[in-house]
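Have a look at target-v4.pdb; it's PDB, C-alpha atoms:
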ATOM      1  CA  MET A  12      -2.026  -1.712  24.203
ATOM      2  CA  THR A  13      -2.984  -0.059  20.925
ATOM      3  CA  TYR A  14      -2.073  -1.622  17.570
ATOM      4  CA  ALA A  15      -1.790  -0.336  14.027
ATOM      5  CA  ILE A  16      -0.925  -1.848  10.676
ATOM      6  CA  ILE A  17       0.817   0.438   8.198
ATOM      7  CA  GLY A  18       0.229  -0.980   4.735
ATOM      8  CA  SER A  19      -2.776  -2.650   3.145
ATOM      9  CA  GLY A  20      -1.087  -4.912   0.611
ATOM     10  CA  ALA A  21      -1.032  -8.683   0.839
ATOM     11  CA  ILE A  22       0.773  -8.890   4.196
ATOM     12  CA  GLY A  23      -1.100  -6.007   5.825
ATOM     13  CA  THR A  24      -4.434  -7.432   4.720
ATOM     14  CA  ALA A  25      -3.528 -10.939   5.890
ATOM     15  CA  LEU A  26      -2.651  -9.598   9.331
ATOM     16  CA  ALA A  27      -5.787  -7.462   9.455
ATOM     17  CA  ARG A  28      -7.772 -10.669   8.904
ATOM     18  CA  GLN A  29      -6.104 -12.223  11.947
ATOM     19  CA  PHE A  30      -6.902  -9.190  14.106
ATOM     20  CA  ALA A  31     -10.513  -9.405  12.946
ATOM     21  CA  ARG A  32     -10.670 -13.169  13.527
ATOM     22  CA  THR A  33      -9.549 -12.728  17.135
ATOM     23  CA  ASN A  34     -11.604  -9.541  17.629
ATOM     24  CA  THR A  35      -8.433  -7.633  18.506
ATOM     25  CA  PRO A  36      -8.874  -3.913  17.747
ATOM     26  CA  VAL A  37      -6.383  -2.530  15.228
ATOM     27  CA  LEU A  38      -5.995   0.637  13.192
ATOM     28  CA  ILE A  39      -4.995   0.268   9.553
ATOM     29  CA  ALA A  40      -3.569   2.949   7.284
ATOM     30  CA  ASN A  41      -1.949   3.330   3.910
ATOM     31  CA  SER A  42      -0.650   6.135   1.723
ATOM     32  CA  ARG A  43      -3.994   6.510  -0.075
ATOM     33  CA  GLY A  44      -6.105   7.420   2.958
ATOM     34  CA  PRO A  45      -8.836   5.721   4.991
ATOM     35  CA  ALA A  46     -11.461   5.922   2.252
ATOM     36  CA  SER A  47      -9.430   3.429   0.206
ATOM     37  CA  LEU A  48      -9.759   0.924   3.064
ATOM     38  CA  ALA A  49     -13.517   1.186   3.563
ATOM     39  CA  SER A  50     -14.383  -2.015   1.698
ATOM     40  CA  LEU A  51     -11.706  -3.991   3.560
ATOM     41  CA  ALA A  52     -12.962  -2.735   6.911
ATOM     42  CA  GLN A  53     -16.549  -3.517   5.949
ATOM     43  CA  ALA A  54     -15.551  -7.063   5.030
ATOM     44  CA  LEU A  55     -13.559  -7.636   8.211
ATOM     45  CA  GLY A  56     -15.794  -5.957  10.776
ATOM     46  CA  SER A  57     -15.489  -3.412  13.540
ATOM     47  CA  ALA A  58     -12.171  -4.635  14.991
ATOM     48  CA  VAL A  59     -10.323  -3.197  11.971
ATOM     49  CA  ARG A  60     -10.610   0.601  11.746
ATOM     50  CA  PRO A  61      -9.217   2.586   8.796
ATOM     51  CA  VAL A  62      -7.507   5.828   9.804
ATOM     52  CA  ALA A  63      -5.166   8.420   8.373
ATOM     53  CA  LEU A  64      -1.504   7.483   8.452
ATOM     54  CA  TRP A  65      -0.712  10.072  11.126
ATOM     55  CA  ASP A  66      -3.350   8.584  13.446
ATOM     56  CA  ALA A  67      -1.998   5.070  12.956
ATOM     57  CA  LEU A  68       1.485   6.284  13.860
ATOM     58  CA  GLN A  69       0.235   7.180  17.351
ATOM     59  CA  ALA A  70      -0.342   3.516  18.251
ATOM     60  CA  GLU A  71       1.901   1.895  20.829
ATOM     61  CA  THR A  72       2.698  -1.078  18.600
ATOM     62  CA  ILE A  73       2.937  -0.603  14.838
ATOM     63  CA  ILE A  74       3.279  -3.375  12.256
ATOM     64  CA  LEU A  75       5.226  -2.051   9.290
ATOM     65  CA  ALA A  76       3.767  -3.996   6.352
ATOM     66  CA  VAL A  77       4.848  -1.800   3.453
ATOM     67  CA  PRO A  78       7.341  -2.593   0.693
ATOM     68  CA  PHE A  79      10.891  -2.149   1.968
ATOM     69  CA  SER A  80      11.342   0.662  -0.556
ATOM     70  CA  ALA A  81       8.512   2.599   1.155
ATOM     71  CA  VAL A  82      10.060   2.593   4.642
ATOM     72  CA  GLU A  83      11.663   6.012   4.132
ATOM     73  CA  GLN A  84       8.320   7.458   3.062
ATOM     74  CA  VAL A  85       6.669   6.222   6.260
ATOM     75  CA  ALA A  86       9.642   7.369   8.335
ATOM     76  CA  ALA A  87       9.250  10.907   7.010
ATOM     77  CA  GLU A  88       5.815  11.194   8.620
ATOM     78  CA  THR A  89       7.280  11.754  12.083
ATOM     79  CA  ALA A  90      10.742  12.635  13.372
ATOM     80  CA  ASP A  91      10.493  10.910  16.751
ATOM     81  CA  TRP A  92       9.466   7.273  17.079
ATOM     82  CA  SER A  93      10.238   7.073  20.808
ATOM     83  CA  GLY A  94       8.001   4.848  22.899
ATOM     84  CA  ARG A  95       6.754   2.800  19.976
ATOM     85  CA  VAL A  96       7.346  -0.859  19.240
ATOM     86  CA  VAL A  97       7.653  -1.275  15.476
ATOM     87  CA  ILE A  98       7.242  -4.794  14.141
ATOM     88  CA  ASP A  99       9.169  -4.915  10.886
ATOM     89  CA  ALA A 100       7.353  -7.231   8.478
ATOM     90  CA  THR A 101       9.213  -5.922   5.418
ATOM     91  CA  ASN A 102      11.473  -7.876   3.081
ATOM     92  CA  ALA A 103      14.270  -6.284   1.073
ATOM     93  CA  ILE A 104      13.665  -7.824  -2.345
ATOM     94  CA  ASN A 105      15.055  -7.137  -5.795
ATOM     95  CA  PHE A 106      11.861  -7.750  -7.755
ATOM     96  CA  THR A 107      13.598  -7.949 -11.137
ATOM     97  CA  ASP A 108      14.771 -11.474 -10.311
ATOM     98  CA  PHE A 109      13.231 -12.039  -6.862
ATOM     99  CA  SER A 110      16.624 -12.035  -5.167
ATOM    100  CA  PRO A 111      17.701 -10.393  -1.901
ATOM    101  CA  ALA A 112      18.330  -6.673  -2.365
ATOM    102  CA  ASP A 113      21.944  -5.561  -2.079
ATOM    103  CA  LEU A 114      22.116  -3.768   1.279
ATOM    104  CA  GLY A 115      25.871  -3.551   1.408
ATOM    105  CA  GLY A 116      26.115  -6.230   4.063
ATOM    106  CA  ARG A 117      23.648  -4.537   6.414
ATOM    107  CA  LEU A 118      20.561  -6.247   7.811
ATOM    108  CA  SER A 119      17.285  -4.816   6.557
ATOM    109  CA  SER A 120      15.982  -4.308  10.100
ATOM    110  CA  ASP A 121      19.067  -2.265  10.972
ATOM    111  CA  ILE A 122      18.197   0.023   8.069
ATOM    112  CA  VAL A 123      14.606   0.231   9.313
ATOM    113  CA  ALA A 124      15.859   1.043  12.826
ATOM    114  CA  ALA A 125      18.065   3.830  11.496
ATOM    115  CA  ALA A 126      15.085   5.307   9.632
ATOM    116  CA  LEU A 127      12.855   5.244  12.736
ATOM    117  CA  PRO A 128      14.903   6.862  15.528
ATOM    118  CA  GLY A 129      13.703   5.928  18.989
ATOM    119  CA  ALA A 130      11.574   2.957  17.926
ATOM    120  CA  ALA A 131      12.112  -0.496  19.418
ATOM    121  CA  ILE A 132      12.330  -2.750  16.366
ATOM    122  CA  VAL A 133      11.123  -6.341  16.245
ATOM    123  CA  LYS A 134      11.524  -8.460  13.117
ATOM    124  CA  ALA A 135       8.444 -10.661  12.651
ATOM    125  CA  PHE A 136       5.672 -11.731  10.249
ATOM    126  CA  ASN A 137       8.015 -11.618   7.243
ATOM    127  CA  THR A 138       8.931 -15.259   6.676
ATOM    128  CA  LEU A 139       5.560 -16.572   5.489
ATOM    129  CA  PRO A 140       3.754 -15.801   2.239
ATOM    130  CA  ALA A 141       0.661 -13.659   2.684
ATOM    131  CA  ALA A 142      -1.682 -16.476   1.631
ATOM    132  CA  ILE A 143      -0.385 -18.685   4.440
ATOM    133  CA  LEU A 144      -0.277 -15.809   6.931
ATOM    134  CA  ALA A 145      -3.982 -15.212   6.259
ATOM    135  CA  GLU A 146      -4.952 -18.825   7.024
ATOM    136  CA  GLU A 147      -6.274 -20.035  10.354
ATOM    137  CA  PRO A 148      -3.032 -20.292  12.395
ATOM    138  CA  GLY A 149      -4.100 -23.202  14.560
ATOM    139  CA  SER A 150      -5.130 -26.753  13.732
ATOM    140  CA  ASP A 151      -5.223 -30.208  15.304
ATOM    141  CA  ALA A 152      -1.513 -30.429  14.515
ATOM    142  CA  GLY A 153      -0.740 -27.334  16.577
ATOM    143  CA  LYS A 154      -0.189 -23.638  16.029
ATOM    144  CA  ARG A 155       1.744 -22.140  13.133
ATOM    145  CA  PRO A 156       5.021 -20.617  14.418
ATOM    146  CA  ILE A 157       5.958 -16.986  13.941
ATOM    147  CA  PHE A 158       9.614 -16.129  14.455
ATOM    148  CA  HIS A 159      10.583 -12.852  16.070
ATOM    149  CA  ALA A 160      13.866 -11.165  16.910
ATOM    150  CA  SER A 161      14.722  -7.909  18.639
ATOM    151  CA  ASN A 162      17.570  -6.167  20.387
ATOM    152  CA  ASN A 163      15.044  -4.950  22.977
ATOM    153  CA  SER A 164      13.713  -7.593  25.374
ATOM    154  CA  GLN A 165      10.613  -5.592  26.325
ATOM    155  CA  ALA A 166       9.683  -5.059  22.671
ATOM    156  CA  SER A 167      10.246  -8.757  22.049
ATOM    157  CA  ALA A 168       7.804  -9.590  24.853
ATOM    158  CA  VAL A 169       5.208  -7.193  23.377
ATOM    159  CA  ALA A 170       5.556  -8.859  19.974
ATOM    160  CA  ALA A 171       5.362 -12.358  21.451
ATOM    161  CA  ALA A 172       2.162 -11.464  23.302
ATOM    162  CA  LEU A 173       0.592 -10.120  20.104
ATOM    163  CA  ILE A 174       1.667 -13.170  18.102
ATOM    164  CA  ALA A 175       0.047 -15.408  20.705
ATOM    165  CA  THR A 176      -3.105 -13.267  20.793
ATOM    166  CA  LEU A 177      -3.470 -13.691  17.038
ATOM    167  CA  GLY A 178      -3.301 -17.463  17.487
ATOM    168  CA  TYR A 179       0.258 -18.234  16.419
ATOM    169  CA  ALA A 180       3.103 -19.791  18.388
ATOM    170  CA  PRO A 181       5.831 -17.166  19.007
ATOM    171  CA  ILE A 182       9.428 -18.341  18.664
ATOM    172  CA  ASN A 183      12.066 -15.942  19.971
ATOM    173  CA  LEU A 184      15.268 -15.994  17.903
ATOM    174  CA  GLY A 185      17.100 -13.534  20.134
ATOM    175  CA  ARG A 186      18.836 -10.441  18.832
ATOM    176  CA  ILE A 187      18.370  -9.138  15.303
ATOM    177  CA  ASP A 188      22.082  -9.454  14.565
ATOM    178  CA  GLU A 189      21.918 -13.099  15.619
ATOM    179  CA  GLY A 190      18.661 -14.992  15.089
ATOM    180  CA  GLY A 191      17.142 -12.119  13.166
ATOM    181  CA  ARG A 192      19.723 -12.669  10.450
ATOM    182  CA  LEU A 193      17.906 -15.930   9.631
ATOM    183  CA  GLN A 194      14.762 -13.921   8.867
ATOM    184  CA  GLN A 195      16.413 -11.808   6.186
ATOM    185  CA  PHE A 196      15.027 -12.336   2.708
ATOM    186  CA  GLY A 197      17.299 -15.084   1.413
ATOM    187  CA  GLY A 198      17.942 -16.342   4.951
ATOM    188  CA  ALA A 199      17.406 -19.854   6.233
ATOM    189  CA  LEU A 200      13.874 -19.237   7.522
ATOM    190  CA  MET A 201      12.412 -17.739   4.371
ATOM    191  CA  VAL A 202       9.955 -19.958   2.519
ATOM    192  CA  HIS A 203      11.358 -19.181  -0.946
ATOM    193  CA  SER A 204       9.228 -21.401  -3.116
ATOM    194  CA  LEU A 205       5.988 -20.422  -1.400
ATOM    195  CA  ILE A 206       6.827 -16.719  -1.453
ATOM    196  CA  LYS A 207       7.584 -16.913  -5.152
ATOM    197  CA  GLN A 208       4.205 -18.495  -5.810
ATOM    198  CA  ALA A 209       2.290 -15.970  -3.689
TER     199      ALA A 209
END
Full structure transcribed into structure tokens:
Amino acid sequence: MTYAIIGSGAIGTALARQFARTNTPVLIANSRGPASLASLAQALGSAVRPVALWDALQAETIILAVPFSAVEQVAAETADWSGRVVIDATNAINFTDFSPADLGGRLSSDIVAAALPGAAIVKAFNTLPAAILAEEPGSDAGKRPIFHASNNSQASAVAAALIATLGYAPINLGRIDEGGRLQQFGGALMVHSLIKQA
């Protein structure tokens, strides 16, 4: 299985740290090119490899860790997303007042799915602030849970395996239109106060 992280902001960097910690190879890309990621890769080690966006899009499992407003820009890079599992770590946020963006009643992951035809979408890694996501996920008290939801059972299994590999405890919420609704920004599983402080 090949992995890539699209986005090198707070969430993308936090996840890259977990790949590095577990020595799990991952490609990382952003809109500014691999040279902009050289210092991050040097700090994290050989498991994290900066590449051009197009190269990252060839991975079998892609973590989409860009602002929700940038999804269309990433989507435009390729017309066919068939065969890829895309883990949607985005949050649709109105940053003027830190409220949920008005999506006309649609779920953000449904909008992501429409933008990435052929991809199997999994919602995950979006309910924790980046600072917490970057922490060691296990302790004497147990492993930190990561919720995931998908309409595709095989994609859900791929995501659960990755979550476990990175040291978290995967919790399957079922379909996106059911349990995944809880993961929406503003939903019951969002850590509002911590996100606002991050």
ask   = Just how far from CA of Ala15 in chain A is CA of Ala124 in chain A, in Å to one decimal?
value = 17.7 Å
inquiry  = Using all atoms listed in the file, which protein or nucleic acid residues come within 9 Å of range 52-56 of chain A? Drop anything in the same chain fewer than 2 positions from it, and give the result as a PyMOL selection string.
reply    = chain A and resi 27-28+31-32+34+39+48-50+58-61
key: Resolved residues for the PyMOL selection byres ((chain A and resi 89-102) around 6) as a PyMOL selection string   = chain A and resi 71-76+79+87-88+103-104+127-137+166+196
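CA of Val169 in chain A to CA of Gln84 in chain A spans 25.2 Å [interatomic distance, one decimal].
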inquiry  = Which residues would end up in the selection if the PyMOL selection byres ((chain A and resi 182) around 7) were applied here, given that I need the answer as a list in words?
reply    =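 Checked against the file, the PyMOL selection byres ((chain A and resi 182) around 7) matches Pro156, Ile157, Phe158, His159, Ala180, Pro181, Asn183 and Leu184 of chain A.
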Using C-alpha atoms, can you export the residues from the last selection as a PDB file, in the frame of the given file?
ATOM      1  CA  PRO A 156       5.021 -20.617  14.418  1.00  0.00           C
ATOM      2  CA  ILE A 157       5.958 -16.986  13.941  1.00  0.00           C
ATOM      3  CA  PHE A 158       9.614 -16.129  14.455  1.00  0.00           C
ATOM      4  CA  HIS A 159      10.583 -12.852  16.070  1.00  0.00           C
ATOM      5  CA  ALA A 180       3.103 -19.791  18.388  1.00  0.00           C
ATOM      6  CA  PRO A 181       5.831 -17.166  19.007  1.00  0.00           C
ATOM      7  CA  ASN A 183      12.066 -15.942  19.971  1.00  0.00           C
ATOM      8  CA  LEU A 184      15.268 -15.994  17.903  1.00  0.00           C
TER       9      LEU A 184
END
ask   = Looking at A:Val82, A:Ala46, A:Val37, A:Ile187, which one is nearest to Asp121 in chain A, with distances taken over only C-alpha atoms?
value = A:Ile187
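Across the structure, CA of Ala175 in chain A and CA of Val77 in chain A are spaced 22.5 Å apart.
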